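Data block for start_18.cif (mmCIF, C-alpha atoms):
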data_data
#
loop_
_atom_site.label_atom_id
_atom_site.label_comp_id
_atom_site.auth_asym_id
_atom_site.auth_seq_id
_atom_site.Cartn_x
_atom_site.Cartn_y
_atom_site.Cartn_z
CA MET A 55 0.00 0.00 0.00
CA ALA A 56 1.26 3.48 -0.86
CA ALA A 57 2.39 5.80 1.95
CA PRO A 58 -0.23 8.28 3.21
CA PRO A 59 -0.23 11.65 1.45
CA PRO A 60 1.72 14.40 3.28
CA CYS A 61 -1.33 16.47 4.20
CA ARG A 62 -1.09 19.26 6.76
CA ALA A 63 -4.76 19.45 7.72
CA LEU A 64 -8.21 18.18 6.93
CA GLY A 65 -9.64 19.72 3.78
CA ARG A 66 -11.63 19.25 0.61
CA GLN A 67 -9.04 16.75 -0.60
CA CYS A 68 -10.33 14.32 2.03
CA ARG A 69 -13.55 13.85 0.04
CA GLU A 70 -12.77 14.77 -3.55
CA LEU A 71 -9.97 15.60 -5.99
CA ARG A 72 -9.77 18.08 -8.83
CA LEU A 73 -8.11 16.38 -11.78
CA THR A 74 -7.54 16.75 -15.51
CA LEU A 75 -8.41 13.61 -17.50
CA GLY A 76 -7.11 12.70 -20.93
CA VAL A 77 -9.78 12.13 -23.58
CA ALA A 78 -8.19 11.79 -27.03
CA ASP A 79 -5.21 12.63 -29.21
CA LEU A 80 -5.79 15.76 -31.29
CA GLU A 81 -3.51 14.48 -34.04
CA GLY A 82 -3.92 10.70 -33.96
CA ASP A 83 -7.73 10.61 -33.52
CA THR A 84 -10.22 11.96 -36.04
CA PRO A 85 -12.88 14.50 -34.93
CA ASP A 86 -15.49 11.71 -34.99
CA GLU A 87 -13.29 9.48 -32.85
CA ARG A 88 -12.67 12.31 -30.40
CA ASP A 89 -16.41 12.99 -30.08
CA ALA A 90 -17.09 9.29 -29.47
CA LEU A 91 -14.36 8.98 -26.84
CA ALA A 92 -15.55 12.14 -25.09
CA THR A 93 -19.18 10.94 -25.14
CA TRP A 94 -18.09 7.67 -23.54
CA LEU A 95 -16.02 9.34 -20.81
CA LEU A 96 -18.46 12.13 -19.95
CA GLY A 97 -21.25 9.57 -19.62
CA HIS A 98 -19.66 8.02 -16.49
CA ARG A 99 -21.10 10.48 -13.98
CA GLU A 100 -21.86 8.48 -10.85
CA ARG A 101 -18.69 9.62 -9.02
CA ILE A 102 -17.20 12.12 -11.48
CA THR A 103 -18.31 15.69 -12.19
CA PHE A 104 -17.02 16.86 -15.54
CA GLY A 105 -16.08 20.38 -16.52
CA ARG A 106 -15.16 21.68 -19.95
CA LEU A 107 -13.34 19.91 -22.74
CA HIS A 108 -10.25 21.75 -23.95
CA ALA A 109 -6.92 21.26 -25.70
CA LEU A 110 -3.73 20.69 -23.74
CA GLU A 111 -0.36 20.04 -25.38
CA GLY A 112 -1.74 18.08 -28.32
CA SER A 113 -4.47 16.25 -26.39
CA LEU A 114 -8.17 16.75 -25.78
CA VAL A 115 -8.70 16.78 -22.01
CA VAL A 116 -11.46 17.52 -19.55
CA ASP A 117 -11.40 19.07 -16.08
CA ALA A 118 -13.14 16.90 -13.51
CA ARG A 119 -13.88 16.39 -9.83
CA LEU A 120 -13.52 12.84 -8.52
CA HIS A 121 -15.96 12.23 -5.66
CA VAL A 122 -14.18 9.37 -3.89
CA PRO A 123 -12.95 9.96 -0.31
CA CYS A 124 -9.51 9.21 1.06
CA ARG A 125 -9.12 5.75 2.55
CA TYR A 126 -7.77 7.32 5.76
CA LEU A 127 -10.84 9.49 6.38
CA GLU A 128 -13.18 8.65 9.26
CA ASP A 129 -16.15 10.85 8.42
CA GLY A 130 -18.43 11.12 11.44
CA PRO A 131 -21.74 13.00 11.67
CA ARG A 132 -20.08 15.97 13.41
CA THR A 133 -16.33 15.42 13.43
CA ALA A 134 -13.94 13.97 10.88
CA ARG A 135 -10.64 12.30 11.67
CA CYS A 136 -7.62 11.38 9.58
CA ARG A 137 -6.33 7.95 10.59
CA ALA A 138 -2.97 8.63 8.94
CA HIS A 139 -2.03 11.90 10.67
CA GLY A 140 -4.50 12.20 13.55
CA PHE A 141 -6.10 15.44 12.36
CA THR A 142 -9.60 15.99 13.74
CA GLY A 143 -12.20 18.66 13.08
CA GLN A 144 -15.10 19.60 10.87
CA LEU A 145 -15.07 19.31 7.10
CA PRO A 146 -17.05 21.46 4.67
CA ALA A 147 -20.36 19.85 3.84
CA ALA A 148 -20.03 17.32 1.04
CA GLN A 149 -21.22 18.86 -2.21
CA VAL A 150 -21.80 16.24 -4.88
CA PRO A 151 -23.96 17.95 -7.47
CA THR A 152 -26.73 16.00 -9.15
CA PRO A 153 -25.68 15.87 -12.81
CA PRO A 154 -28.23 17.05 -15.37
CA PRO A 155 -29.88 14.22 -17.29
CA LEU A 156 -28.32 13.03 -20.52
CA ARG A 157 -31.67 12.00 -21.98
CA HIS A 158 -34.22 14.66 -22.94
CA GLY A 159 -36.76 12.65 -24.93
CA GLU A 160 -37.23 9.40 -26.80
CA CYS A 161 -34.34 10.08 -29.19
CA ARG A 162 -32.87 13.34 -27.86
CA PHE A 163 -29.69 13.05 -25.81
CA SER A 164 -26.76 15.13 -24.65
CA ILE A 165 -23.69 13.79 -26.43
CA VAL A 166 -20.37 15.30 -27.42
CA GLN A 167 -20.71 16.81 -30.89
CA ASP A 168 -17.89 18.92 -32.38
CA ALA A 169 -15.98 18.73 -29.07
CA ARG A 170 -18.88 20.12 -27.02
CA LEU A 171 -21.53 18.40 -24.91
CA ARG A 172 -24.83 19.41 -26.47
CA GLU A 173 -28.39 18.19 -26.96
CA VAL A 174 -28.76 16.32 -30.24
CA ASP A 175 -31.71 14.64 -31.93
CA LEU A 176 -30.66 11.09 -32.79
CA ALA A 177 -32.18 8.92 -35.48
CA PRO A 178 -33.78 5.56 -34.60
CA PRO A 179 -32.62 2.43 -36.42
CA THR A 180 -33.78 2.13 -40.01
CA ALA A 181 -36.68 -0.32 -40.38
CA TYR A 182 -36.23 -2.26 -43.62
CA ARG A 183 -39.40 -3.48 -45.31
CA ARG A 184 -38.12 -7.02 -45.88
CA SER A 185 -35.98 -7.44 -42.77
CA LEU A 186 -36.08 -10.66 -40.76
CA PRO A 187 -37.70 -10.55 -37.32
CA VAL A 188 -35.39 -10.24 -34.31
CA LEU A 189 -36.11 -12.24 -31.18
CA ALA A 190 -36.89 -10.13 -28.12
CA GLY A 191 -34.39 -10.17 -25.30
CA SER A 192 -31.38 -10.68 -27.57
CA ASN A 193 -29.03 -8.71 -25.33
CA PRO A 194 -26.70 -11.38 -23.86
CA CYS A 195 -25.82 -9.08 -20.96
CA ALA A 196 -29.43 -8.69 -19.78
CA THR A 197 -29.26 -11.57 -17.29
CA ALA A 198 -25.49 -11.82 -16.84
CA PRO A 199 -24.35 -12.15 -13.20
CA CYS A 200 -21.38 -9.85 -13.81
CA ARG A 201 -20.37 -7.48 -11.01
CA THR A 202 -17.93 -4.71 -10.26
CA ALA A 203 -15.44 -4.84 -7.39
CA ASP A 204 -17.95 -3.21 -5.01
CA ASN A 205 -20.31 -6.16 -5.71
CA THR A 206 -22.80 -4.11 -7.71
CA ARG A 207 -24.34 -6.63 -10.08
CA GLY A 208 -25.21 -6.10 -13.74
CA ALA A 209 -23.71 -4.12 -16.63
CA ALA A 210 -20.28 -4.15 -15.01
CA CYS A 211 -18.61 -2.91 -18.20
CA CYS A 212 -20.79 0.20 -17.99
CA ARG A 213 -20.10 0.80 -14.29
CA ASP A 214 -16.34 1.14 -14.17
CA LEU A 215 -13.72 2.61 -16.44
CA ILE A 216 -9.99 3.16 -16.79
CA VAL A 217 -9.01 6.83 -16.98
CA ASP A 218 -5.79 8.64 -17.81
CA VAL A 219 -5.04 11.39 -15.30
CA VAL A 220 -2.83 14.22 -16.57
CA LEU A 221 -0.36 14.29 -13.68
CA PRO A 222 3.22 15.31 -14.59
CA LEU A 223 6.16 14.11 -12.56
CA GLY A 224 6.74 16.48 -9.67
CA GLU A 225 3.08 16.74 -8.67
CA ASP A 226 3.88 14.51 -5.72
CA LEU A 227 1.08 15.63 -3.40
CA LEU A 228 -1.68 15.19 -5.97
CA GLU A 229 -0.32 11.80 -7.01
CA ALA A 230 -0.19 10.69 -3.36
CA LEU A 231 -3.76 11.91 -2.85
CA LEU A 232 -4.92 9.96 -5.89
CA ARG A 233 -3.18 6.79 -4.69
CA SER A 234 -4.87 7.14 -1.29
CA ARG A 235 -8.46 7.12 -2.61
CA LYS A 236 -10.83 4.56 -1.13
CA SER A 237 -10.67 1.17 -2.83
CA PRO A 238 -12.30 -0.30 -4.85
CA TYR A 239 -13.86 2.93 -6.10
CA VAL A 240 -10.39 4.01 -7.24
CA CYS A 241 -7.81 1.26 -7.69
CA LYS A 242 -4.99 -0.05 -9.92
CA VAL A 243 -3.25 3.33 -9.85
CA LYS A 244 -0.06 3.23 -11.89
CA ARG A 245 2.12 5.72 -13.71
CA THR A 246 2.32 5.04 -17.44
CA ASP A 247 4.68 7.85 -18.49
CA GLU A 248 6.11 11.17 -17.32
CA VAL A 249 2.78 13.00 -17.63
CA THR A 250 0.09 10.34 -17.15
CA VAL A 251 -1.16 8.21 -14.28
CA GLU A 252 -3.72 5.51 -15.08
CA CYS A 253 -6.36 4.29 -12.65
CA GLU A 254 -9.64 2.37 -12.55
CA VAL A 255 -12.73 4.15 -11.23
CA ILE A 256 -16.16 2.76 -10.40
CA SER A 257 -18.53 5.39 -11.79
CA ALA A 258 -21.59 4.13 -13.63
CA CYS A 259 -22.53 5.44 -17.07
CA HIS A 260 -25.63 7.63 -17.08
CA TYR A 261 -26.65 6.50 -20.56
CA LEU A 262 -27.89 3.32 -18.90
CA GLU A 263 -31.67 2.90 -18.91
CA HIS A 264 -33.70 2.78 -15.70
CA ASP A 265 -33.18 -0.99 -15.51
CA GLY A 266 -29.44 -0.33 -15.10
CA ILE A 267 -28.60 -2.79 -17.88
CA HIS A 268 -29.58 -1.53 -21.32
CA CYS A 269 -27.96 1.45 -23.05
CA GLY A 270 -30.20 4.33 -24.15
CA LEU A 271 -27.91 5.10 -27.08
CA HIS A 272 -27.99 1.58 -28.50
CA GLY A 273 -29.05 1.50 -32.14
CA LEU A 274 -29.40 5.28 -32.48
CA LYS A 275 -27.55 7.32 -35.10
CA ARG A 276 -25.90 10.72 -34.98
CA PRO A 277 -27.02 13.30 -37.57
CA ASP A 278 -23.98 12.37 -39.71
CA GLY A 279 -25.03 8.70 -39.73
CA ASN A 280 -22.41 7.47 -37.26
CA GLU A 281 -23.39 5.29 -34.33
CA ALA A 282 -24.43 7.37 -31.32
CA LYS A 283 -23.16 4.64 -29.00
CA PRO A 284 -19.36 4.98 -28.78
CA GLU A 285 -17.44 2.25 -30.59
CA LEU A 286 -15.49 1.64 -27.39
CA CYS A 287 -18.68 0.15 -25.91
CA PHE A 288 -18.71 -2.58 -28.58
CA GLU A 289 -15.17 -3.80 -27.96
CA PHE A 290 -14.91 -7.40 -26.81
CA PRO A 291 -12.92 -7.96 -23.58
CA ASP A 292 -9.22 -8.55 -24.22
CA LEU A 293 -8.79 -12.04 -22.80
CA SER A 294 -5.02 -11.92 -23.32
CA ASP A 295 -4.58 -9.14 -20.74
CA PRO A 296 -5.04 -10.43 -17.18
CA GLU A 297 -5.82 -6.91 -15.93
CA LEU A 298 -8.48 -6.27 -18.59
CA GLY A 299 -9.90 -9.75 -18.82
CA GLY A 300 -13.45 -8.83 -17.90
CA HIS A 301 -15.56 -8.91 -14.76
CA PRO A 302 -16.62 -11.91 -12.67
CA GLY A 303 -19.75 -13.42 -14.15
CA CYS A 304 -19.25 -11.97 -17.64
CA VAL A 305 -21.17 -14.15 -20.12
CA PHE A 306 -18.38 -13.83 -22.68
CA LEU A 307 -15.67 -14.97 -20.28
CA ASP A 308 -17.85 -17.86 -19.15
CA GLY A 309 -18.23 -18.96 -22.75
CA LYS A 310 -22.01 -19.11 -22.54
CA THR A 311 -22.64 -16.96 -25.59
CA ALA A 312 -20.91 -15.62 -28.64
CA GLY A 313 -20.70 -12.16 -30.14
CA ARG A 314 -20.29 -8.79 -28.49
CA PRO A 315 -22.21 -6.78 -25.88
CA ASP A 316 -25.25 -5.17 -27.53
CA GLY A 317 -27.03 -3.55 -24.60
#
What does this structure look like when you write it as C-alpha cells?
Amino acid sequence: MAAPPPCRALGRQCRELRLTLGVADLEGDTPDERDALATWLLGHRERITFGRLHALEGSLVVDARLHVPCRYLEDGPRTARCRAHGFTGQLPAAQVPTPPPLRHGECRFSIVQDARLREVDLAPPTAYRRSLPVLAGSNPCATAPCRTADNTRGAACCRDLIVDVVLPLGEDLLEALLRSRKSPYVCKVKRTDEVTVECEVISACHYLEHDGIHCGLHGLKRPDGNEAKPELCFEFPDLSDPELGGHPGCVFLDGKTAGRPDG
C-alpha cells in the first residue's frame, strides 16, 4: 500500500480531488473518434463531475472532480478524523452535485458533438421493409451475473472505467492523494509515463436505462449517420490481458454466448 499523502490538515481533498483527465489525441484521432471517446467518458457520472473539454499540449482533455474519499478518512456525523495523521475537526459539507440528465426525450440526448456536450436529436434504427424478425431479449448481458469490485451486479462494463489522469512528474502531493483514494472505487493506480497516471474508477454510465442494464444510445444514429453509441462500448474484452480480462460473471468470459455486448 502506498504511503499516506503528506497532508497538513483536513480539507476538501479528504472527500474529492480536482483532476484533468485525458480524452483523445488531437492528431492521432479523427474528430469523430474524439467525439465518441468524449461521449463515452463524460457519460460516467456516478462519481465524477465533468467540466469543460479543452486542448492541452496536443491532447483533448477535460477538467473533472472525482468524488471518492480518502481511505484514511473517518467521516463522522459531526467530526472527521484522519487515521494517517491524527487530524480531527469539521469538514465542509459534502457537495456532490446532481448531474443534469443526458436523456431529454425518446431520441434526444446530450452527447459530445464537435468537441462540445450538447443536446442532439438522434435517429432511430432504419426499419427495412423485408428485414427478418429479431427475437426479443437478444441482449446477452441482460441476465449476466457480472459485477464490479464493489459487488454491484449487472452491466459491469458500464459501471467502471480506466481513466488517464494528466499528472506530470513532480506533482507529488496530488499523485499521493490519488493513490490514497478509497478502494475499490479508485484502484490499480499506476504511472504510465512522465505525464500520465492511469487508474480504474467505479462510476456508472448515465446513458444506462432505468433498468441499469440496457444502453439508451444503442441503435441510435448521430445526424452524420455514425453510431451514437461509442465504438469503445462494442469492444470485446481482451482475454489476453489479465488486468483487462473482464468482470466476474461476464457471459463472454464464461463462454455461454458468442458475439459482443449489444445492450
Given the file shown, enumerate the residues that the PyMOL selection byres ((chain A and resi 172) around 12) captures and present them as a PDB file with C-alpha atoms, in the frame of the given file.
ATOM      1  CA  ASP A  89     -16.410  12.990 -30.080  1.00  0.00           C
ATOM      2  CA  ALA A  92     -15.550  12.140 -25.090  1.00  0.00           C
ATOM      3  CA  THR A  93     -19.180  10.940 -25.140  1.00  0.00           C
ATOM      4  CA  LEU A  96     -18.460  12.130 -19.950  1.00  0.00           C
ATOM      5  CA  ARG A 106     -15.160  21.680 -19.950  1.00  0.00           C
ATOM      6  CA  PRO A 154     -28.230  17.050 -15.370  1.00  0.00           C
ATOM      7  CA  PRO A 155     -29.880  14.220 -17.290  1.00  0.00           C
ATOM      8  CA  LEU A 156     -28.320  13.030 -20.520  1.00  0.00           C
ATOM      9  CA  ARG A 157     -31.670  12.000 -21.980  1.00  0.00           C
ATOM     10  CA  HIS A 158     -34.220  14.660 -22.940  1.00  0.00           C
ATOM     11  CA  ARG A 162     -32.870  13.340 -27.860  1.00  0.00           C
ATOM     12  CA  PHE A 163     -29.690  13.050 -25.810  1.00  0.00           C
ATOM     13  CA  SER A 164     -26.760  15.130 -24.650  1.00  0.00           C
ATOM     14  CA  ILE A 165     -23.690  13.790 -26.430  1.00  0.00           C
ATOM     15  CA  VAL A 166     -20.370  15.300 -27.420  1.00  0.00           C
ATOM     16  CA  GLN A 167     -20.710  16.810 -30.890  1.00  0.00           C
ATOM     17  CA  ASP A 168     -17.890  18.920 -32.380  1.00  0.00           C
ATOM     18  CA  ALA A 169     -15.980  18.730 -29.070  1.00  0.00           C
ATOM     19  CA  ARG A 170     -18.880  20.120 -27.020  1.00  0.00           C
ATOM     20  CA  LEU A 171     -21.530  18.400 -24.910  1.00  0.00           C
ATOM     21  CA  GLU A 173     -28.390  18.190 -26.960  1.00  0.00           C
ATOM     22  CA  VAL A 174     -28.760  16.320 -30.240  1.00  0.00           C
ATOM     23  CA  ASP A 175     -31.710  14.640 -31.930  1.00  0.00           C
ATOM     24  CA  LEU A 176     -30.660  11.090 -32.790  1.00  0.00           C
TER      25      LEU A 176
END
- Task: Just give me the gap between CA of Arg207 (chain A) and CA of Tyr261 (chain A) in Å, one decimal is fine.
- Result: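 Taking CA of Arg207 (chain A) and CA of Tyr261 (chain A), their separation equals 17.0 Å.
Distances to Ala177 (chain A) were evaluated for A:Arg66, A:Arg101, A:Arg119, A:Lys275 using all atoms listed in the file, and the minimum falls at A:Lys275.
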- Task: Please write the residues picked by the PyMOL selection byres ((chain A and resi 72) around 8) on this file as a ChimeraX atom specification.
- Result: /A:70-71,73-74,117-120
- Pick the closest to Asp247 (chain A) from A:Leu91, A:Ala282, A:Val220, A:Ala198: which is it, counting only C-alpha atoms? A:Val220
- Task: Specify as a ChimeraX atom specification each residue included when the PyMOL selection byres ((chain A and resi 286) around 10) is applied to this file.
- Result: /A:87,90-91,94,283-285,287-290
Output the selection as a tab-separated table (two decimals), in the frame of the given file - C-alpha atoms for each residue.
chain	number	residue	atom	x	y	z
A	87	GLU	CA	-13.29	9.48	-32.85
A	90	ALA	CA	-17.09	9.29	-29.47
A	91	LEU	CA	-14.36	8.98	-26.84
A	94	TRP	CA	-18.09	7.67	-23.54
A	283	LYS	CA	-23.16	4.64	-29.00
A	284	PRO	CA	-19.36	4.98	-28.78
A	285	GLU	CA	-17.44	2.25	-30.59
A	287	CYS	CA	-18.68	0.15	-25.91
A	288	PHE	CA	-18.71	-2.58	-28.58
A	289	GLU	CA	-15.17	-3.80	-27.96
A	290	PHE	CA	-14.91	-7.40	-26.81
- Message: Taking only C-alpha atoms into account, name the residue in A:Ala63, A:Leu232, A:Val243, A:Leu271 that is nearest to His139 (chain A).
- Response: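 Nearest to His139 (chain A): A:Ala63.
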- Computed gap from CA of Val240 (chain A) to CA of Ala134 (chain A) is 21.0 Å
- Query: Near Arg201 (chain A), within 7 Å and counting all atoms listed in the file, which residues show up once chain neighbours fewer than 2 positions away are dropped, as JSON, numbers by chain?
  - Reply: {"A": [199, 203, 205, 206, 207, 208, 210, 301, 302, 303]}
Centre and edges of the region 142-157 of chain A box, axis-aligned, 4 Å extra per side, as AutoDock Vina command-line options:
--center_x -20.6 --center_y 16.7 --center_z -4.1 --size_x 30.1 --size_y 17.5 --size_z 43.7
- Task: Give me, please, the distance in Å between CA of Val219 (chain A) and CA of Ser257 (chain A), quoted to one decimal.
- Result: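 Interatomic distance, CA of Val219 (chain A) to CA of Ser257 (chain A): 15.2 Å.
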- Item | Selected residue, from A:Arg213, A:Arg125, A:His272, A:Arg137, that lies nearest to Ala230 (chain A) when counting only C-alpha atoms |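 Of A:Arg213, A:Arg125, A:His272, A:Arg137, the one nearest Ala230 (chain A) is A:Arg125, counting only C-alpha atoms.
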- Closest of A:Leu107, A:Asp214, A:Gly65, A:Val305 to Arg135 (chain A) - atom-to-atom distances counting all atoms listed in the file: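 The answer is A:Gly65, which sits nearest to Arg135 (chain A).
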- Query: So, counting only C-alpha atoms, which residue among A:Gly76, A:Gly143, A:Gly97, A:Gly105 is closest to Leu262 (chain A)?
  - Reply: A:Gly97
- Any idea what's packed within 12 Å of Arg62 (chain A), counting only C-alpha atoms, ignoring anything in its chain fewer than 2 positions away? Could you give it as a PyMOL selection string? chain A and resi 58-60+64-65+67-68+136+138-142+227
- Message: Which residues are near Cys253 (chain A)? Cut-off 12 Å, all atoms listed in the file, ignore same chain within fewer than 3 positions. Put them as a PyMOL selection string.
- Response: chain A and resi 75-76+120+214-221+229+232-235+237-246+250+256+297
Could all heavy atoms be built for region 85-95 of chain A and written out as a PDB file, in the coordinates of the input?
ATOM      1  N   PRO A  85     -11.835  13.800 -35.698  1.00  0.00           N
ATOM      2  CA  PRO A  85     -12.880  14.500 -34.930  1.00  0.00           C
ATOM      3  C   PRO A  85     -14.016  13.580 -34.506  1.00  0.00           C
ATOM      4  O   PRO A  85     -14.522  13.690 -33.380  1.00  0.00           O
ATOM      5  CB  PRO A  85     -13.346  15.583 -35.900  1.00  0.00           C
ATOM      6  CG  PRO A  85     -12.149  15.873 -36.751  1.00  0.00           C
ATOM      7  CD  PRO A  85     -11.480  14.538 -36.931  1.00  0.00           C
ATOM      8  N   ASP A  86     -14.431  12.645 -35.372  1.00  0.00           N
ATOM      9  CA  ASP A  86     -15.490  11.710 -34.990  1.00  0.00           C
ATOM     10  C   ASP A  86     -15.055  10.798 -33.857  1.00  0.00           C
ATOM     11  O   ASP A  86     -15.837  10.517 -32.931  1.00  0.00           O
ATOM     12  CB  ASP A  86     -15.894  10.850 -36.201  1.00  0.00           C
ATOM     13  CG  ASP A  86     -16.694  11.639 -37.233  1.00  0.00           C
ATOM     14  OD1 ASP A  86     -17.169  12.737 -36.902  1.00  0.00           O
ATOM     15  OD2 ASP A  86     -16.832  11.142 -38.367  1.00  0.00           O
ATOM     16  N   GLU A  87     -13.812  10.334 -33.919  1.00  0.00           N
ATOM     17  CA  GLU A  87     -13.290   9.480 -32.850  1.00  0.00           C
ATOM     18  C   GLU A  87     -13.190  10.248 -31.540  1.00  0.00           C
ATOM     19  O   GLU A  87     -13.499   9.708 -30.467  1.00  0.00           O
ATOM     20  CB  GLU A  87     -11.937   8.903 -33.252  1.00  0.00           C
ATOM     21  CG  GLU A  87     -12.009   7.864 -34.367  1.00  0.00           C
ATOM     22  CD  GLU A  87     -10.637   7.477 -34.902  1.00  0.00           C
ATOM     23  OE1 GLU A  87      -9.674   8.268 -34.761  1.00  0.00           O
ATOM     24  OE2 GLU A  87     -10.517   6.365 -35.464  1.00  0.00           O
ATOM     25  N   ARG A  88     -12.779  11.501 -31.622  1.00  0.00           N
ATOM     26  CA  ARG A  88     -12.670  12.310 -30.400  1.00  0.00           C
ATOM     27  C   ARG A  88     -14.045  12.532 -29.769  1.00  0.00           C
ATOM     28  O   ARG A  88     -14.198  12.461 -28.542  1.00  0.00           O
ATOM     29  CB  ARG A  88     -11.985  13.636 -30.709  1.00  0.00           C
ATOM     30  CG  ARG A  88     -10.550  13.490 -31.176  1.00  0.00           C
ATOM     31  CD  ARG A  88      -9.785  14.787 -31.081  1.00  0.00           C
ATOM     32  NE  ARG A  88     -10.255  15.821 -31.979  1.00  0.00           N
ATOM     33  CZ  ARG A  88      -9.768  16.045 -33.190  1.00  0.00           C
ATOM     34  NH1 ARG A  88      -8.793  15.268 -33.660  1.00  0.00           N
ATOM     35  NH2 ARG A  88     -10.224  17.035 -33.935  1.00  0.00           N
ATOM     36  N   ASP A  89     -15.050  12.806 -30.615  1.00  0.00           N
ATOM     37  CA  ASP A  89     -16.410  12.990 -30.080  1.00  0.00           C
ATOM     38  C   ASP A  89     -16.920  11.708 -29.423  1.00  0.00           C
ATOM     39  O   ASP A  89     -17.572  11.757 -28.374  1.00  0.00           O
ATOM     40  CB  ASP A  89     -17.361  13.405 -31.208  1.00  0.00           C
ATOM     41  CG  ASP A  89     -17.213  14.868 -31.596  1.00  0.00           C
ATOM     42  OD1 ASP A  89     -16.527  15.621 -30.873  1.00  0.00           O
ATOM     43  OD2 ASP A  89     -17.781  15.258 -32.637  1.00  0.00           O
ATOM     44  N   ALA A  90     -16.630  10.562 -30.038  1.00  0.00           N
ATOM     45  CA  ALA A  90     -17.090   9.290 -29.470  1.00  0.00           C
ATOM     46  C   ALA A  90     -16.400   8.997 -28.143  1.00  0.00           C
ATOM     47  O   ALA A  90     -17.049   8.588 -27.167  1.00  0.00           O
ATOM     48  CB  ALA A  90     -16.826   8.161 -30.468  1.00  0.00           C
ATOM     49  N   LEU A  91     -15.092   9.221 -28.078  1.00  0.00           N
ATOM     50  CA  LEU A  91     -14.360   8.980 -26.840  1.00  0.00           C
ATOM     51  C   LEU A  91     -14.829   9.915 -25.728  1.00  0.00           C
ATOM     52  O   LEU A  91     -14.966   9.507 -24.564  1.00  0.00           O
ATOM     53  CB  LEU A  91     -12.859   9.146 -27.078  1.00  0.00           C
ATOM     54  CG  LEU A  91     -12.185   8.050 -27.902  1.00  0.00           C
ATOM     55  CD1 LEU A  91     -10.785   8.481 -28.330  1.00  0.00           C
ATOM     56  CD2 LEU A  91     -12.113   6.748 -27.110  1.00  0.00           C
ATOM     57  N   ALA A  92     -15.087  11.178 -26.085  1.00  0.00           N
ATOM     58  CA  ALA A  92     -15.550  12.140 -25.090  1.00  0.00           C
ATOM     59  C   ALA A  92     -16.959  11.795 -24.614  1.00  0.00           C
ATOM     60  O   ALA A  92     -17.277  11.925 -23.421  1.00  0.00           O
ATOM     61  CB  ALA A  92     -15.502  13.543 -25.666  1.00  0.00           C
ATOM     62  N   THR A  93     -17.831  11.357 -25.531  1.00  0.00           N
ATOM     63  CA  THR A  93     -19.180  10.940 -25.140  1.00  0.00           C
ATOM     64  C   THR A  93     -19.122   9.790 -24.156  1.00  0.00           C
ATOM     65  O   THR A  93     -19.836   9.770 -23.142  1.00  0.00           O
ATOM     66  CB  THR A  93     -19.991  10.529 -26.390  1.00  0.00           C
ATOM     67  OG1 THR A  93     -20.141  11.666 -27.249  1.00  0.00           O
ATOM     68  CG2 THR A  93     -21.366  10.004 -26.003  1.00  0.00           C
ATOM     69  N   TRP A  94     -18.254   8.813 -24.442  1.00  0.00           N
ATOM     70  CA  TRP A  94     -18.090   7.670 -23.540  1.00  0.00           C
ATOM     71  C   TRP A  94     -17.634   8.121 -22.155  1.00  0.00           C
ATOM     72  O   TRP A  94     -18.230   7.763 -21.132  1.00  0.00           O
ATOM     73  CB  TRP A  94     -17.080   6.688 -24.139  1.00  0.00           C
ATOM     74  CG  TRP A  94     -16.664   5.598 -23.211  1.00  0.00           C
ATOM     75  CD1 TRP A  94     -17.336   4.447 -22.928  1.00  0.00           C
ATOM     76  CD2 TRP A  94     -15.471   5.561 -22.408  1.00  0.00           C
ATOM     77  NE1 TRP A  94     -16.637   3.689 -22.009  1.00  0.00           N
ATOM     78  CE2 TRP A  94     -15.490   4.342 -21.670  1.00  0.00           C
ATOM     79  CE3 TRP A  94     -14.391   6.422 -22.256  1.00  0.00           C
ATOM     80  CZ2 TRP A  94     -14.467   3.999 -20.790  1.00  0.00           C
ATOM     81  CZ3 TRP A  94     -13.374   6.076 -21.382  1.00  0.00           C
ATOM     82  CH2 TRP A  94     -13.421   4.870 -20.659  1.00  0.00           C
ATOM     83  N   LEU A  95     -16.576   8.935 -22.095  1.00  0.00           N
ATOM     84  CA  LEU A  95     -16.020   9.340 -20.810  1.00  0.00           C
ATOM     85  C   LEU A  95     -16.997  10.188 -20.019  1.00  0.00           C
ATOM     86  O   LEU A  95     -17.254   9.921 -18.833  1.00  0.00           O
ATOM     87  CB  LEU A  95     -14.706  10.100 -21.016  1.00  0.00           C
ATOM     88  CG  LEU A  95     -14.030  10.630 -19.749  1.00  0.00           C
ATOM     89  CD1 LEU A  95     -13.698   9.489 -18.793  1.00  0.00           C
ATOM     90  CD2 LEU A  95     -12.774  11.416 -20.110  1.00  0.00           C
TER      91      LEU A  95
END
